[in-house]
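Colleague: Would you mind keeping the following structure in view while I ask a few things?
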2 protein chains.
Amino acid sequence: MRTVDWEQGVVRLIDQRKLPWEFHVAEYRDHRALAEAITDMVVRGAPAIGATAAYGMALAGLNSQADTLDSIRADLQAAARLLRETRPTAVNLAREIELQLKVAADPQWTTADQVRAALIREAHATADGDVAINRRMGEHGANLVSDGDTILHHCNTGSLATVDYGTALGVIRCAHEQGKQVHVLVDETRPRLQGARLTAWELDNLGIPFDLIVDSAAGHLIRSGQVNLVLVGADRIAANGDVANKIGTYQLGVIARENGVPMYSVAPTSTVDLALPSGDDIPIEERPREEVTCVFGHRVAPDGISARNPAFDVTPHRYLTGIVTENGVVYPPFEVSLRRAVMEGSSL
Amino acid sequence: MRTVDWEQGVVRLIDQRKLPWEFHVAEYRDHRALAEAITDMVVRGAPAIGATAAYGMALAGLNSQADTLDSIRADLQAAARLLRETRPTAVNLAREIELQLKVAADPQWTTADQVRAALIREAHATADGDVAINRRMGEHGANLVSDGDTILHHCNTGSLATVDYGTALGVIRCAHEQGKQVHVLVDETRPRLQGARLTAWELDNLGIPFDLIVDSAAGHLIRSGQVNLVLVGADRIAANGDVANKIGTYQLGVIARENGVPMYSVAPTSTVDLALPSGDDIPIEERPREEVTCVFGHRVAPDGISARNPAFDVTPHRYLTGIVTENGVVYPPFEVSLRRAVMEGSSL
């Protein structure tokens, strides 16, 4: 099944908090419960939460009691506000909500039911589009992978971070499908261990060889010449190529550049926020301190201490070799190349 | 009590695997059991395992049935081989064992009992010397700390890593005792969480304010101007100033230098290995993969996967602003300044 799925008015999500211990599919009939699921990280990953938000708007339409265009649009505005507040950093979420509001506002509709149907169609189009886009990114990115490469990968960017197939992990998967021998160094990605729990689980299922490492071991392995390529995803990319991504990405970028190892961010153009000139303006989510003081319910620090838990960081574009999009791999100067990649997409 | 203590033929260690959940003192009457305790990390930290090895040799002497000088010296050689193999990276361990073998070989002894007594005296001198040295390092290092500083600290380098008082954490403690307002960012230090479990516990007890962070958050906090100083310990320092220390130190060094934040290693001159021209020759211990796939008994990755677990890395000297020793703070060129600091020590 897809990470984010829809079956007859029910949104179905693979519960990512329970992997790898348990494979559990959570079901949502209400957009408010779905919003909580996004905040609680039942689903995570910029493209996956984008698609979830699109389906959330469809659910809000279905559940609205409205029988006029004005009243269903008012209900959708309220749902949009709720869904928008769930996670602040990834741009895909806000973008899919805006898209759904535009769909609902289309002057061609004359009944609330037409709006309801259009929201579901749009959510399906988003989900299907995500899978198609990921496969195209995989092929563009696989050209950067040589037979025998060892690739360092951060967080989870696979099927579980998207509707299906993945972004950075999609590149690795595509290279593997092309018959290239690749080995992956999976960093565990504290605090929520998306690498250890999710990426390791996906690679294991795909039969792609890998070693799990702690986040602190990346530098040593890069410096000692054991890494050919670093691949990460993105939660939001500014117009100048600065990349907001899972906490720890910035330091990987610095270490990779220091050692002459190429690093690419792999992300659909829907992750690019041309309205932001640089990454300085991207909001960085601070998550609960318990994610740091506990490891999935198991306390690892003294009781009652203080902790800080920024969930993302910004990697300035100078640390990136390039950015892999569905419209090709773009290189500096990113102001020019990224804008072109985004525009190509909109003309397709 | 001291982290490493001796009471009437018994070595007493604070069991650091059980902190912060439980304060438990383990007792050892046999050097073989003590060797296992070092391998299993009941005790850790370069100075602490150095003192433990010194006491281990004293235990070996006590427990030896030998009644001639030749036979007790043979027993001590066997004990030395066993203790030497417990941990490969820190030089203090090997150094204290060699020192005890020299003590035993002293031609002034005429009976095995004289050797036994000398080994105990030497172990006490090592332990007392460690505390005195740490206080001197604390004072030298505290001069580098300004009122209001936020200090990023890696692993545990406090009382628990030494006989008492600490190295890098001793500097923070001394600055605090001088009345300077300091705030510490404690990185958790996966895989064994010495930061989250031990440093947080020590700072909490000392009343020094701190925030716990995941290792991956260090870069973001340094880049965003929230760190004034980075302090780390050392397990072995080569003649050129390259520092082997807990995994993750290297990447902190790269990020600190990239952002113009000073970073110092704090270590007694007994950690300097003048026989090694550079850090390239320092053996890096690989520890069991279960430390990565589990967090203190709680599995965090799929069953049966492969992991890599280098316990240390080498930070080339160019990333260090200076090295704090008991004989003062030394600066590049370290080939000259470190040798001088070591020689001053031997002439004291």
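Identifiers in this document derive from the order of the structure tokens: chains are assigned A, B, ..., residues are numbered from 1 separately in each chain, and ligands are numbered from 1 in order of occurrence.
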Give me, as an MDAnalysis selection string, all polymer residues having an atom no more than 7 Å from stretch 177-185 of chain A, counting only C-alpha atoms and skipping those fewer than 4 positions away in the same chain.
Modeller: chainID A and resid 147:153 173 209:213
Colleague: Kindly determine which residues of chain A lie within 8 Å of chain B, considering only C-alpha atoms, and give the answer as a VMD selection string.
Modeller: chain A and resid 20 to 21 189 to 191 193 196 to 197 200 to 201 204 210 to 220 247 to 251 254 to 255 258 292 to 293 295 298 300 to 302 305 to 310 313 to 314
Colleague: Write the selection just made, keeping C-alpha atoms, as a CSV table (one decimal), in the first residue's frame?
Modeller:
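What landed in result_11.csv:
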chain,number,residue,atom,x,y,z
A,20,PRO,CA,10.0,-1.1,12.7
A,21,TRP,CA,8.3,-2.8,15.7
A,189,THR,CA,18.8,10.5,12.8
A,190,ARG,CA,18.1,11.3,16.4
A,191,PRO,CA,15.8,12.3,18.0
A,193,LEU,CA,15.4,7.8,14.6
A,196,ALA,CA,17.3,3.6,12.2
A,197,ARG,CA,13.6,2.8,12.2
A,200,ALA,CA,16.8,0.7,7.6
A,201,TRP,CA,13.4,-1.0,7.3
A,204,ASP,CA,16.1,-4.2,4.3
A,210,PHE,CA,23.5,-0.9,4.2
A,211,ASP,CA,25.1,-0.2,7.6
A,212,LEU,CA,23.4,1.8,10.3
A,213,ILE,CA,25.6,4.4,12.0
A,214,VAL,CA,25.1,7.0,14.7
A,215,ASP,CA,24.8,10.6,13.4
A,216,SER,CA,28.2,11.5,15.0
A,217,ALA,CA,30.0,8.8,13.0
A,218,ALA,CA,29.3,10.5,9.6
A,219,GLY,CA,32.3,12.9,9.9
A,220,HIS,CA,34.8,10.1,10.7
A,247,ILE,CA,18.3,18.6,11.9
A,248,GLY,CA,21.8,17.4,11.1
A,249,THR,CA,21.8,18.1,7.4
A,250,TYR,CA,23.8,21.4,7.8
A,251,GLN,CA,26.7,19.7,9.5
A,254,VAL,CA,30.0,21.3,6.0
A,255,ILE,CA,31.8,18.0,6.4
A,258,GLU,CA,35.4,20.0,3.7
A,292,VAL,CA,15.5,14.3,23.3
A,293,THR,CA,15.2,13.1,26.9
A,295,VAL,CA,13.9,7.4,23.2
A,298,HIS,CA,12.6,5.0,27.4
A,300,VAL,CA,17.8,8.4,28.7
A,301,ALA,CA,18.5,11.5,30.8
A,302,PRO,CA,17.9,12.6,34.4
A,305,ILE,CA,16.1,18.5,32.9
A,306,SER,CA,15.9,21.1,30.1
A,307,ALA,CA,16.4,20.2,26.5
A,308,ARG,CA,16.3,21.9,23.1
A,309,ASN,CA,14.9,20.2,20.1
A,310,PRO,CA,15.1,22.1,16.8
A,313,ASP,CA,18.2,23.2,10.1
A,314,VAL,CA,19.2,25.3,7.1
Colleague: Could you give me, as a ChimeraX atom specification, each residue of stretch 136-281 of chain A that DSSP assigns to strand (DSSP E) when run on this structure's backbone?
Modeller: /A:150-153,183-187,210-213,229-232,236-238,243-246,263-266,272-273
Colleague: So that I have them on file, write out the residues from the current selection with C-alpha atoms, as a PDB file, in the first residue's frame.
Modeller:
ATOM      1  CA  THR A 150      28.935   4.143  -0.855  1.00  0.00           C
ATOM      2  CA  ILE A 151      26.200   6.695  -0.226  1.00  0.00           C
ATOM      3  CA  LEU A 152      25.595   8.429   3.089  1.00  0.00           C
ATOM      4  CA  HIS A 153      21.905   9.091   3.674  1.00  0.00           C
ATOM      5  CA  HIS A 183      26.113   0.470  -0.286  1.00  0.00           C
ATOM      6  CA  VAL A 184      24.283   2.866   2.009  1.00  0.00           C
ATOM      7  CA  LEU A 185      25.446   4.338   5.297  1.00  0.00           C
ATOM      8  CA  VAL A 186      22.195   5.058   7.113  1.00  0.00           C
ATOM      9  CA  ASP A 187      22.535   7.581   9.888  1.00  0.00           C
ATOM     10  CA  PHE A 210      23.548  -0.892   4.227  1.00  0.00           C
ATOM     11  CA  ASP A 211      25.121  -0.196   7.595  1.00  0.00           C
ATOM     12  CA  LEU A 212      23.437   1.768  10.327  1.00  0.00           C
ATOM     13  CA  ILE A 213      25.607   4.399  12.044  1.00  0.00           C
ATOM     14  CA  LEU A 229      28.200  10.695  -2.179  1.00  0.00           C
ATOM     15  CA  VAL A 230      25.862  12.288   0.369  1.00  0.00           C
ATOM     16  CA  LEU A 231      22.133  12.359  -0.423  1.00  0.00           C
ATOM     17  CA  VAL A 232      19.480  14.156   1.605  1.00  0.00           C
ATOM     18  CA  ARG A 236      11.769  23.676   1.951  1.00  0.00           C
ATOM     19  CA  ILE A 237      14.207  25.177  -0.538  1.00  0.00           C
ATOM     20  CA  ALA A 238      14.630  28.948  -0.806  1.00  0.00           C
ATOM     21  CA  VAL A 243      17.811  23.944   1.994  1.00  0.00           C
ATOM     22  CA  ALA A 244      15.800  23.430   5.171  1.00  0.00           C
ATOM     23  CA  ASN A 245      15.888  19.766   6.066  1.00  0.00           C
ATOM     24  CA  LYS A 246      15.992  17.421   9.052  1.00  0.00           C
ATOM     25  CA  MET A 263      26.256  16.305  -1.563  1.00  0.00           C
ATOM     26  CA  TYR A 264      22.889  16.654  -3.279  1.00  0.00           C
ATOM     27  CA  SER A 265      19.452  17.482  -1.982  1.00  0.00           C
ATOM     28  CA  VAL A 266      16.731  15.507  -3.760  1.00  0.00           C
ATOM     29  CA  VAL A 272      10.985  25.119  -3.728  1.00  0.00           C
ATOM     30  CA  ASP A 273       9.630  28.301  -2.196  1.00  0.00           C
TER      31      ASP A 273
END
Colleague: Between A:Ser64, A:Glu96, A:Ala123, A:Asp106, which residue has the minimum interatomic distance to A:Trp6, considering only C-alpha atoms?
Modeller: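 Comparing A:Ser64, A:Glu96, A:Ala123, A:Asp106 against A:Trp6, the winner is A:Ala123.
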Colleague: Give the helix (DSSP H, G or I) residues of stretch 115-326 of chain B, as assigned by DSSP on the backbone, as a ChimeraX atom specification.
Modeller: /B:115-142,159-161,168-177,194-206,215-223,249-258,269-271,279-281,290-293,317-319
Colleague: I'd like the contact shell of stretch 332-336 of chain B - 8 Å cut-off, only C-alpha atoms, skipping same-chain residues fewer than 3 positions apart - returned as a PyMOL selection string.
Modeller: chain B and resi 239-241+317+321-322+339-340
Colleague: For a quick check of understanding, using only C-alpha atoms, which of B:Val330, B:Val43, B:Cys174, B:Leu169 has the smallest distance to B:Leu203?
Modeller: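 With only C-alpha atoms as the atom set, the closest residue is B:Leu169.
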Colleague: When you look at B:Ala26 with a cut-off of 8 Å (counting only C-alpha atoms), what residues show up, excluding the ones that are within fewer than 3 positions of it in the same chain? I need them as a list of chain:residue names.
Modeller: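 Residues meeting the cut-off are B:Arg12, B:Leu13, B:Ile14, B:Asp15.
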Colleague: Restricting the output to N, CA and C atoms, write the selected residues as a compact mmCIF listing (two decimals), in the first residue's frame.
Modeller:
# COMPACT_ATOMS: atom_id res chain seq x y z
N ARG B 12 36.58 0.06 44.00
CA ARG B 12 35.16 0.44 43.95
C ARG B 12 34.94 1.41 42.80
N LEU B 13 34.01 1.07 41.94
CA LEU B 13 33.70 1.91 40.77
C LEU B 13 32.23 2.31 40.79
N ILE B 14 31.97 3.59 40.49
CA ILE B 14 30.57 3.98 40.22
C ILE B 14 30.18 3.33 38.90
N ASP B 15 29.15 2.52 38.90
CA ASP B 15 28.76 1.82 37.67
C ASP B 15 28.06 2.79 36.72
